[in-house]
>>> print(open('entry-v8.txt').read())   # compact mmCIF, C-alpha atoms and all ligand atoms
# COMPACT_ATOMS: atom_id res chain seq x y z
CA MET L 1 0.00 0.00 0.00
CA VAL L 2 1.27 3.47 -0.85
CA LYS L 3 1.35 5.68 2.20
CA LYS L 4 -0.37 9.00 1.80
CA THR L 5 1.68 12.12 2.42
CA MET L 6 0.46 14.35 5.24
CA ALA L 7 -1.28 17.31 3.66
CA ASN L 8 0.94 19.76 5.53
CA ALA L 9 4.23 17.86 5.65
CA MET L 10 7.13 20.19 4.96
CA LEU L 11 9.72 17.42 4.96
CA SER L 12 8.84 13.93 3.85
CA LEU L 13 11.16 10.93 3.43
CA LYS L 14 10.02 7.85 1.58
CA ASP L 15 11.96 4.62 1.58
CA VAL L 16 15.37 6.29 1.71
CA HIS L 17 18.39 3.97 1.40
CA LYS L 18 22.12 4.54 1.70
CA THR L 19 24.83 1.89 1.68
CA TYR L 20 28.53 2.45 2.29
CA SER L 21 31.09 -0.01 1.01
CA ASN L 22 34.00 -0.45 3.38
CA ALA L 23 36.77 -2.79 2.19
CA GLY L 24 34.32 -4.95 0.25
CA GLN L 25 31.76 -4.97 3.09
CA ASP L 26 28.40 -3.33 2.44
CA LEU L 27 26.99 -1.33 5.32
CA HIS L 28 23.28 -0.53 4.91
CA VAL L 29 23.18 2.59 7.05
CA LEU L 30 19.81 3.84 5.83
CA ASN L 31 17.53 0.93 5.06
CA GLY L 32 14.11 2.30 4.21
CA VAL L 33 13.78 5.52 6.15
CA ASP L 34 10.22 6.90 6.19
CA PHE L 35 9.01 9.87 8.18
CA GLU L 36 7.38 13.26 7.84
CA ILE L 37 7.60 16.47 9.77
CA LYS L 38 5.36 19.51 9.65
CA SER L 39 6.25 23.14 9.31
CA GLY L 40 7.48 24.56 12.62
CA GLU L 41 8.06 21.20 14.32
CA ILE L 42 11.28 20.70 16.27
CA VAL L 43 12.27 17.07 16.28
CA ALA L 44 15.04 15.18 18.07
CA LEU L 45 16.98 12.57 16.12
CA MET L 46 18.36 9.93 18.45
CA GLY L 47 20.14 6.62 18.16
CA PRO L 48 23.45 5.09 19.19
CA SER L 49 26.74 6.20 17.69
CA GLY L 50 27.07 4.73 14.20
CA SER L 51 23.30 4.34 13.72
CA GLY L 52 23.25 6.76 10.78
CA LYS L 53 22.15 10.11 12.24
CA SER L 54 24.83 12.13 10.45
CA THR L 55 24.31 10.19 7.21
CA LEU L 56 20.60 10.98 7.35
CA LEU L 57 21.12 14.68 8.12
CA GLN L 58 23.62 14.96 5.28
CA ALA L 59 21.17 13.40 2.82
CA ILE L 60 18.36 15.73 3.91
CA GLY L 61 20.76 18.68 3.91
CA LEU L 62 21.96 18.01 0.36
CA LEU L 63 25.53 17.51 1.53
CA ASP L 64 25.45 13.92 0.33
CA ARG L 65 23.14 11.81 -1.83
CA ALA L 66 20.94 8.92 -0.80
CA ASP L 67 21.14 5.83 -3.06
CA SER L 68 17.38 5.63 -3.54
CA GLY L 69 14.07 6.88 -2.17
CA GLN L 70 12.47 10.29 -2.10
CA ILE L 71 13.14 13.31 0.06
CA LEU L 72 10.49 15.98 -0.38
CA LEU L 73 10.98 19.49 0.88
CA ASP L 74 7.74 21.46 0.53
CA SER L 75 6.49 18.72 -1.80
CA ASP L 76 9.52 19.13 -4.07
CA ASP L 77 11.67 15.99 -4.50
CA ILE L 78 15.19 17.21 -3.74
CA THR L 79 16.79 13.89 -4.71
CA GLN L 80 16.09 14.78 -8.35
CA LYS L 81 17.97 18.09 -8.36
CA ASN L 82 21.22 18.86 -10.16
CA ASP L 83 24.22 20.30 -8.32
CA GLN L 84 23.33 23.90 -9.06
CA GLU L 85 19.76 23.47 -7.82
CA ARG L 86 21.05 21.69 -4.71
CA THR L 87 23.40 24.58 -3.93
CA LEU L 88 20.56 27.08 -4.23
CA LEU L 89 18.20 25.03 -2.07
CA ARG L 90 20.88 24.61 0.58
CA ARG L 91 21.54 28.31 0.60
CA GLN L 92 17.92 29.47 0.63
CA LYS L 93 15.88 26.90 2.50
CA LEU L 94 18.30 25.15 4.83
CA GLY L 95 20.50 26.03 7.79
CA PHE L 96 23.13 23.83 9.45
CA VAL L 97 24.76 23.65 12.83
CA TYR L 98 27.56 21.15 13.36
CA GLN L 99 29.16 19.74 16.49
CA PHE L 100 32.15 22.01 15.89
CA HIS L 101 31.21 25.51 14.89
CA HIS L 102 32.97 25.70 11.48
CA LEU L 103 33.21 29.47 11.69
CA LEU L 104 35.67 31.26 9.42
CA ALA L 105 38.62 32.23 11.61
CA GLU L 106 39.57 35.39 9.73
CA PHE L 107 36.09 36.94 9.98
CA THR L 108 34.42 38.48 13.02
CA ALA L 109 31.30 36.95 14.55
CA ILE L 110 29.01 39.38 12.78
CA GLU L 111 30.76 38.86 9.44
CA ASN L 112 30.35 35.10 9.84
CA ILE L 113 26.67 35.52 10.70
CA LYS L 114 26.04 37.70 7.65
CA ILE L 115 27.47 35.20 5.14
CA PRO L 116 24.08 33.60 4.30
CA LEU L 117 22.56 37.06 3.80
CA THR L 118 25.33 38.03 1.38
CA LEU L 119 25.03 34.73 -0.52
CA ASN L 120 21.27 35.23 -0.86
CA GLY L 121 21.46 38.93 -1.68
CA LEU L 122 19.40 39.78 1.40
CA GLU L 123 19.61 42.75 3.73
CA LYS L 124 18.37 42.39 7.26
CA ASP L 125 18.84 43.72 10.76
CA VAL L 126 20.81 41.00 12.53
CA ASN L 127 20.49 42.57 16.00
CA PRO L 128 17.27 40.84 17.11
CA LEU L 129 18.79 37.39 16.57
CA LEU L 130 22.04 38.44 18.28
CA GLU L 131 19.94 39.54 21.24
CA VAL L 132 17.97 36.28 21.43
CA LEU L 133 21.26 34.40 21.43
CA GLY L 134 22.95 36.79 23.88
CA ILE L 135 25.94 37.59 21.68
CA THR L 136 25.34 41.27 20.91
CA ASP L 137 28.50 42.39 22.72
CA ARG L 138 30.64 39.68 21.08
CA ALA L 139 29.70 40.64 17.53
CA ASN L 140 33.01 42.22 16.57
CA HIS L 141 35.27 39.49 17.91
CA ARG L 142 36.88 36.81 15.82
CA PRO L 143 36.04 33.19 16.73
CA ALA L 144 39.38 32.59 18.49
CA ARG L 145 38.45 35.28 21.03
CA LEU L 146 35.10 33.69 21.88
CA SER L 147 34.36 30.89 24.34
CA GLY L 148 33.14 27.52 23.03
CA GLY L 149 29.55 28.35 23.94
CA GLU L 150 29.78 31.76 22.25
CA GLN L 151 31.27 30.23 19.11
CA GLN L 152 28.42 27.78 18.95
CA ARG L 153 25.83 30.54 19.45
CA VAL L 154 27.42 32.47 16.56
CA ALA L 155 27.19 29.30 14.43
CA ILE L 156 23.50 29.02 15.37
CA ALA L 157 22.90 32.65 14.38
CA ARG L 158 24.64 32.03 11.05
CA ALA L 159 22.45 28.98 10.43
CA LEU L 160 19.23 30.91 11.15
CA ILE L 161 19.84 34.45 9.92
CA HIS L 162 18.29 33.84 6.47
CA GLU L 163 15.24 32.26 8.15
CA PRO L 164 15.57 28.80 6.62
CA ARG L 165 12.50 26.58 6.31
CA LEU L 166 14.47 23.80 7.96
CA LEU L 167 17.35 23.83 10.41
CA LEU L 168 19.50 20.71 10.60
CA ALA L 169 21.78 20.34 13.60
CA ASP L 170 24.20 17.47 14.20
CA GLU L 171 24.94 17.21 17.93
CA PRO L 172 25.15 21.00 18.11
CA THR L 173 26.17 21.11 21.77
CA GLY L 174 28.16 17.87 21.78
CA ASN L 175 31.52 19.50 22.41
CA LEU L 176 30.39 21.81 25.23
CA ASP L 177 30.44 21.16 28.96
CA PRO L 178 27.00 20.11 30.28
CA GLU L 179 26.03 23.46 31.76
CA THR L 180 27.05 25.45 28.67
CA ALA L 181 25.41 22.83 26.45
CA ASP L 182 22.17 23.24 28.34
CA ASN L 183 22.28 27.02 27.96
CA VAL L 184 23.19 26.99 24.30
CA PHE L 185 20.55 24.37 23.62
CA ASN L 186 17.83 26.51 25.21
CA LEU L 187 18.91 29.46 23.10
CA LEU L 188 18.91 27.29 19.99
CA LEU L 189 15.35 26.11 20.65
CA LYS L 190 14.22 29.63 21.46
CA SER L 191 15.67 31.12 18.27
CA VAL L 192 14.20 28.34 16.09
CA ARG L 193 10.78 28.95 17.70
CA VAL L 194 11.06 32.73 17.28
CA GLN L 195 11.66 32.19 13.56
CA GLY L 196 9.03 29.50 13.13
CA SER L 197 11.48 27.22 11.29
CA ALA L 198 11.28 23.44 11.51
CA ALA L 199 14.32 21.65 12.90
CA VAL L 200 15.82 18.18 13.04
CA ILE L 201 18.42 18.02 15.80
CA ALA L 202 20.60 14.98 16.42
CA THR L 203 21.48 14.56 20.07
CA HIS L 204 22.69 11.85 22.43
CA ASN L 205 21.14 13.55 25.38
CA PRO L 206 17.64 12.29 26.36
CA GLU L 207 17.02 15.30 28.57
CA LEU L 208 17.66 17.72 25.69
CA ALA L 209 15.61 15.51 23.36
CA SER L 210 12.66 15.62 25.75
CA ARG L 211 12.45 19.40 25.28
CA MET L 212 11.65 19.01 21.60
CA ASP L 213 8.24 18.26 20.09
CA TYR L 214 8.94 14.54 19.70
CA ILE L 215 11.73 12.04 19.14
CA LEU L 216 12.67 10.14 15.99
CA LYS L 217 14.78 7.12 16.83
CA MET L 218 17.18 5.42 14.41
CA GLU L 219 17.11 1.67 14.65
CA ASP L 220 18.41 -0.89 12.15
CA GLY L 221 18.58 1.69 9.39
CA LYS L 222 15.00 2.81 9.93
CA VAL L 223 13.40 5.71 11.77
CA ILE L 224 10.75 5.11 14.41
CA LYS L 225 8.67 7.86 15.97
CA ALA L 226 9.10 7.47 19.73
P1 LIG Y 301 25.98 8.51 13.65
O1 LIG Y 301 25.98 9.94 13.21
O2 LIG Y 301 24.63 8.03 14.14
O3 LIG Y 301 27.04 8.23 14.66
P2 LIG Y 301 26.96 7.98 10.96
O4 LIG Y 301 25.90 8.37 10.01
O5 LIG Y 301 28.09 8.90 11.14
O6 LIG Y 301 26.29 7.59 12.37
O7 LIG Y 301 27.57 6.59 10.51
C1 LIG Y 301 26.80 5.43 10.30
C2 LIG Y 301 27.71 4.31 9.87
O8 LIG Y 301 28.21 4.57 8.55
C3 LIG Y 301 28.92 4.11 10.76
O9 LIG Y 301 29.18 2.73 10.87
C4 LIG Y 301 30.03 4.81 9.98
O10 LIG Y 301 31.27 4.22 10.25
C5 LIG Y 301 29.63 4.58 8.55
N1 LIG Y 301 30.04 5.68 7.66
C6 LIG Y 301 29.73 6.98 7.81
N2 LIG Y 301 30.23 7.72 6.80
C7 LIG Y 301 30.90 6.86 5.99
C8 LIG Y 301 31.64 7.02 4.77
N3 LIG Y 301 31.77 8.20 4.17
N4 LIG Y 301 32.17 5.89 4.23
C9 LIG Y 301 32.02 4.68 4.81
N5 LIG Y 301 31.34 4.47 5.95
C10 LIG Y 301 30.78 5.54 6.55
MG MG Y 302 27.06 11.56 13.84
>>> encode(input="entry-v8.txt", output="structure tokens")
Amino acid sequence: MVKKTMANAMLSLKDVHKTYSNAGQDLHVLNGVDFEIKSGEIVALMGPSGSGKSTLLQAIGLLDRADSGQILLDSDDITQKNDQERTLLRRQKLGFVYQFHHLLAEFTAIENIKIPLTLNGLEKDVNPLLEVLGITDRANHRPARLSGGEQQRVAIARALIHEPRLLLADEPTGNLDPETADNVFNLLLKSVRVQGSAAVIATHNPELASRMDYILKMEDGKVIKA
């Protein structure tokens, strides 16, 4: 039976597969992933190390390609796009936060944050987002002069400044101490909610996951709604 797509799904995955070949051994990391999320939902992606969370986020985020299946973003199948279309979609509709901030060392915080605006030809007051994230007074510092938590908040601002439809975050507070992680995580959730973006956030931490709308669990290459 063909499953019907939710009328208001903004992200929909259908039977997504991805296999890696390691020294002649096939590893079926994604083995029929099916799920849907609605506009504005914030969803935790959980599962043990090696279960395929990063692989899945990279396929959704157009950083890698699935082998088969469909990934629909606003009803548009992104698996069928060419490289140029993928670059545009990534730039306009998506935002990313990684475990390590990936800020450009030679630019100040504010210059880093403005990169997506420049790439999209947008002009916008960045101050409200800086305020939500509590980094207004760090705006003119380069990353090396910021603490780990501040660097990660700058990375979050950069991922959200162009108001993406979908934020993807891969263990965004995984390299911070627990107290800082907790703080930064709250600010991340708050800024996503302020913008009304949807988000898929991979985390190991059940307590952080419980603050999101619901949990998607990776198990045997599939995704189960917990
Ligand atoms: P998670 O993020 O849940 O820890 P990953 O998606 O990073 O899981 O990895 C899933 C599995 O795929 C792991 O066994 C990993 O070693 C393997 N894997 C990830 N990326 C590659 C790659 N580029 N080539 C081969 N194997 C990979
Ligand atoms: Mg990972």
>>> residues_around(input="entry-v8.txt", residues="stretch 26-33 of chain L", least_positions_apart="5", cutoff="10 Å", atoms="all atoms listed in the file", output="MDAnalysis selection string")
chainID L and resid 13:21 50:53 55:56 66:71 218:224
>>> residues_near_ligand(input="entry-v8.txt", ligand="ligand MG 302 (chain Y)", cutoff="10 Å", atoms="all atoms listed in the file", output="PDB file with C-alpha atoms, in the frame of the given file")
ATOM      1  CA  MET L  46      18.360   9.930  18.450  1.00  0.00           C
ATOM      2  CA  GLY L  47      20.140   6.620  18.160  1.00  0.00           C
ATOM      3  CA  PRO L  48      23.450   5.090  19.190  1.00  0.00           C
ATOM      4  CA  SER L  49      26.740   6.200  17.690  1.00  0.00           C
ATOM      5  CA  GLY L  50      27.070   4.730  14.200  1.00  0.00           C
ATOM      6  CA  SER L  51      23.300   4.340  13.720  1.00  0.00           C
ATOM      7  CA  GLY L  52      23.250   6.760  10.780  1.00  0.00           C
ATOM      8  CA  LYS L  53      22.150  10.110  12.240  1.00  0.00           C
ATOM      9  CA  SER L  54      24.830  12.130  10.450  1.00  0.00           C
ATOM     10  CA  THR L  55      24.310  10.190   7.210  1.00  0.00           C
ATOM     11  CA  LEU L  56      20.600  10.980   7.350  1.00  0.00           C
ATOM     12  CA  LEU L  57      21.120  14.680   8.120  1.00  0.00           C
ATOM     13  CA  GLN L  58      23.620  14.960   5.280  1.00  0.00           C
ATOM     14  CA  TYR L  98      27.560  21.150  13.360  1.00  0.00           C
ATOM     15  CA  GLN L  99      29.160  19.740  16.490  1.00  0.00           C
ATOM     16  CA  ASP L 170      24.200  17.470  14.200  1.00  0.00           C
ATOM     17  CA  GLU L 171      24.940  17.210  17.930  1.00  0.00           C
ATOM     18  CA  ALA L 202      20.600  14.980  16.420  1.00  0.00           C
ATOM     19  CA  THR L 203      21.480  14.560  20.070  1.00  0.00           C
ATOM     20  CA  HIS L 204      22.690  11.850  22.430  1.00  0.00           C
TER      21      HIS L 204
END
>>> atom_distance(input="entry-v8.txt", atom1="atom CA of L:Gln80", atom2="atom CA of L:Ile60")
12.5 Å
>>> closest_residue(input="entry-v8.txt", among="L:Ala109, L:Leu216, L:Leu45, L:Ala59", to="L:Ser147", atoms="only C-alpha atoms")
L:Ala109
>>> residues_around(input="entry-v8.txt", residues="L:Gln92", least_positions_apart="3", cutoff="8 Å", atoms="only C-alpha atoms", output="CSV table (one decimal) with C-alpha atoms, in the coordinates of the input")
chain,number,residue,atom,x,y,z
L,88,LEU,CA,20.6,27.1,-4.2
L,89,LEU,CA,18.2,25.0,-2.1
L,120,ASN,CA,21.3,35.2,-0.9
L,162,HIS,CA,18.3,33.8,6.5
L,164,PRO,CA,15.6,28.8,6.6
>>> closest_residue(input="entry-v8.txt", among="L:Ser210, L:Thr108, L:Thr118, L:Asn127", to="L:Ala144", atoms="only C-alpha atoms")
L:Thr108
>>> closest_residue(input="entry-v8.txt", among="L:Glu150, L:Asp213, L:Glu207, L:Glu163", to="L:Thr180", atoms="only C-alpha atoms")
L:Glu150
>>> closest_residue(input="entry-v8.txt", among="L:Val43, L:Ala209, L:Ile201, L:Leu133", to="ligand LIG 301 (chain Y)", atoms="only C-alpha atoms and all ligand atoms")
L:Ile201
>>> residues_around(input="entry-v8.txt", residues="L:Asn112", least_positions_apart="4", cutoff="12 Å", atoms="all atoms listed in the file", output="PyMOL selection string")
chain L and resi 101-108+116-119+126+139-143+151-161
>>> closest_residue(input="entry-v8.txt", among="L:Leu167, L:Ala226, L:Leu94, L:Ala198", to="L:Ser39", atoms="all atoms listed in the file")
L:Ala198
>>> build_atoms(input="entry-v8.txt", residues="stretch 30-41 of chain L", atoms="all heavy atoms", output="PDB file, keeping the file's coordinate frame")
ATOM      1  N   LEU L  30      21.222   3.452   5.916  1.00  0.00           N
ATOM      2  CA  LEU L  30      19.810   3.840   5.830  1.00  0.00           C
ATOM      3  C   LEU L  30      19.110   2.749   5.035  1.00  0.00           C
ATOM      4  O   LEU L  30      19.479   2.455   3.901  1.00  0.00           O
ATOM      5  CB  LEU L  30      19.640   5.199   5.153  1.00  0.00           C
ATOM      6  CG  LEU L  30      20.453   6.352   5.762  1.00  0.00           C
ATOM      7  CD1 LEU L  30      20.184   7.652   5.005  1.00  0.00           C
ATOM      8  CD2 LEU L  30      20.161   6.538   7.246  1.00  0.00           C
ATOM      9  N   ASN L  31      18.106   2.137   5.648  1.00  0.00           N
ATOM     10  CA  ASN L  31      17.530   0.930   5.060  1.00  0.00           C
ATOM     11  C   ASN L  31      15.999   1.033   5.010  1.00  0.00           C
ATOM     12  O   ASN L  31      15.292   0.240   5.606  1.00  0.00           O
ATOM     13  CB  ASN L  31      17.999  -0.269   5.907  1.00  0.00           C
ATOM     14  CG  ASN L  31      17.877  -1.566   5.151  1.00  0.00           C
ATOM     15  OD1 ASN L  31      17.585  -1.585   3.959  1.00  0.00           O
ATOM     16  ND2 ASN L  31      18.084  -2.668   5.855  1.00  0.00           N
ATOM     17  N   GLY L  32      15.555   2.084   4.311  1.00  0.00           N
ATOM     18  CA  GLY L  32      14.110   2.300   4.210  1.00  0.00           C
ATOM     19  C   GLY L  32      13.616   3.296   5.238  1.00  0.00           C
ATOM     20  O   GLY L  32      12.741   2.986   6.038  1.00  0.00           O
ATOM     21  N   VAL L  33      14.192   4.483   5.199  1.00  0.00           N
ATOM     22  CA  VAL L  33      13.780   5.520   6.150  1.00  0.00           C
ATOM     23  C   VAL L  33      12.525   6.221   5.636  1.00  0.00           C
ATOM     24  O   VAL L  33      12.476   6.687   4.501  1.00  0.00           O
ATOM     25  CB  VAL L  33      14.911   6.561   6.371  1.00  0.00           C
ATOM     26  CG1 VAL L  33      14.398   7.749   7.187  1.00  0.00           C
ATOM     27  CG2 VAL L  33      16.110   5.920   7.045  1.00  0.00           C
ATOM     28  N   ASP L  34      11.505   6.260   6.484  1.00  0.00           N
ATOM     29  CA  ASP L  34      10.220   6.900   6.190  1.00  0.00           C
ATOM     30  C   ASP L  34       9.833   7.771   7.364  1.00  0.00           C
ATOM     31  O   ASP L  34       9.700   7.265   8.472  1.00  0.00           O
ATOM     32  CB  ASP L  34       9.104   5.824   6.118  1.00  0.00           C
ATOM     33  CG  ASP L  34       9.015   5.158   4.774  1.00  0.00           C
ATOM     34  OD1 ASP L  34       8.709   5.850   3.803  1.00  0.00           O
ATOM     35  OD2 ASP L  34       9.237   3.921   4.728  1.00  0.00           O
ATOM     36  N   PHE L  35       9.654   9.043   7.142  1.00  0.00           N
ATOM     37  CA  PHE L  35       9.010   9.870   8.180  1.00  0.00           C
ATOM     38  C   PHE L  35       8.637  11.213   7.574  1.00  0.00           C
ATOM     39  O   PHE L  35       9.085  11.562   6.474  1.00  0.00           O
ATOM     40  CB  PHE L  35       9.898  10.047   9.425  1.00  0.00           C
ATOM     41  CG  PHE L  35      11.118  10.899   9.240  1.00  0.00           C
ATOM     42  CD1 PHE L  35      11.074  12.272   9.414  1.00  0.00           C
ATOM     43  CD2 PHE L  35      12.341  10.309   8.911  1.00  0.00           C
ATOM     44  CE1 PHE L  35      12.210  13.047   9.251  1.00  0.00           C
ATOM     45  CE2 PHE L  35      13.480  11.080   8.749  1.00  0.00           C
ATOM     46  CZ  PHE L  35      13.411  12.461   8.912  1.00  0.00           C
ATOM     47  N   GLU L  36       7.806  11.937   8.297  1.00  0.00           N
ATOM     48  CA  GLU L  36       7.380  13.260   7.840  1.00  0.00           C
ATOM     49  C   GLU L  36       7.402  14.219   9.007  1.00  0.00           C
ATOM     50  O   GLU L  36       7.108  13.823  10.131  1.00  0.00           O
ATOM     51  CB  GLU L  36       5.950  13.197   7.296  1.00  0.00           C
ATOM     52  CG  GLU L  36       5.827  12.292   6.093  1.00  0.00           C
ATOM     53  CD  GLU L  36       4.445  12.337   5.460  1.00  0.00           C
ATOM     54  OE1 GLU L  36       3.474  12.672   6.155  1.00  0.00           O
ATOM     55  OE2 GLU L  36       4.365  12.039   4.266  1.00  0.00           O
ATOM     56  N   ILE L  37       7.772  15.453   8.732  1.00  0.00           N
ATOM     57  CA  ILE L  37       7.600  16.470   9.770  1.00  0.00           C
ATOM     58  C   ILE L  37       6.865  17.673   9.194  1.00  0.00           C
ATOM     59  O   ILE L  37       6.916  17.935   7.997  1.00  0.00           O
ATOM     60  CB  ILE L  37       8.917  16.882  10.451  1.00  0.00           C
ATOM     61  CG1 ILE L  37       9.807  17.665   9.526  1.00  0.00           C
ATOM     62  CG2 ILE L  37       9.662  15.693  11.009  1.00  0.00           C
ATOM     63  CD1 ILE L  37      11.004  18.240  10.273  1.00  0.00           C
ATOM     64  N   LYS L  38       6.174  18.369  10.083  1.00  0.00           N
ATOM     65  CA  LYS L  38       5.360  19.510   9.650  1.00  0.00           C
ATOM     66  C   LYS L  38       6.129  20.806   9.863  1.00  0.00           C
ATOM     67  O   LYS L  38       7.052  20.869  10.675  1.00  0.00           O
ATOM     68  CB  LYS L  38       4.083  19.576  10.498  1.00  0.00           C
ATOM     69  CG  LYS L  38       3.143  18.440  10.278  1.00  0.00           C
ATOM     70  CD  LYS L  38       1.886  18.672  11.111  1.00  0.00           C
ATOM     71  CE  LYS L  38       1.351  17.354  11.610  1.00  0.00           C
ATOM     72  NZ  LYS L  38       0.451  17.498  12.736  1.00  0.00           N
ATOM     73  N   SER L  39       5.680  21.810   9.183  1.00  0.00           N
ATOM     74  CA  SER L  39       6.250  23.140   9.310  1.00  0.00           C
ATOM     75  C   SER L  39       6.272  23.557  10.795  1.00  0.00           C
ATOM     76  O   SER L  39       5.277  23.392  11.494  1.00  0.00           O
ATOM     77  CB  SER L  39       5.366  24.095   8.510  1.00  0.00           C
ATOM     78  OG  SER L  39       5.974  25.324   8.402  1.00  0.00           O
ATOM     79  N   GLY L  40       7.385  24.049  11.257  1.00  0.00           N
ATOM     80  CA  GLY L  40       7.480  24.560  12.620  1.00  0.00           C
ATOM     81  C   GLY L  40       7.776  23.510  13.682  1.00  0.00           C
ATOM     82  O   GLY L  40       8.025  23.858  14.833  1.00  0.00           O
ATOM     83  N   GLU L  41       7.771  22.236  13.319  1.00  0.00           N
ATOM     84  CA  GLU L  41       8.060  21.200  14.320  1.00  0.00           C
ATOM     85  C   GLU L  41       9.565  21.129  14.602  1.00  0.00           C
ATOM     86  O   GLU L  41      10.387  21.247  13.697  1.00  0.00           O
ATOM     87  CB  GLU L  41       7.592  19.822  13.831  1.00  0.00           C
ATOM     88  CG  GLU L  41       6.104  19.629  13.965  1.00  0.00           C
ATOM     89  CD  GLU L  41       5.640  18.234  13.560  1.00  0.00           C
ATOM     90  OE1 GLU L  41       6.309  17.557  12.761  1.00  0.00           O
ATOM     91  OE2 GLU L  41       4.572  17.833  14.043  1.00  0.00           O
TER      92      GLU L  41
END
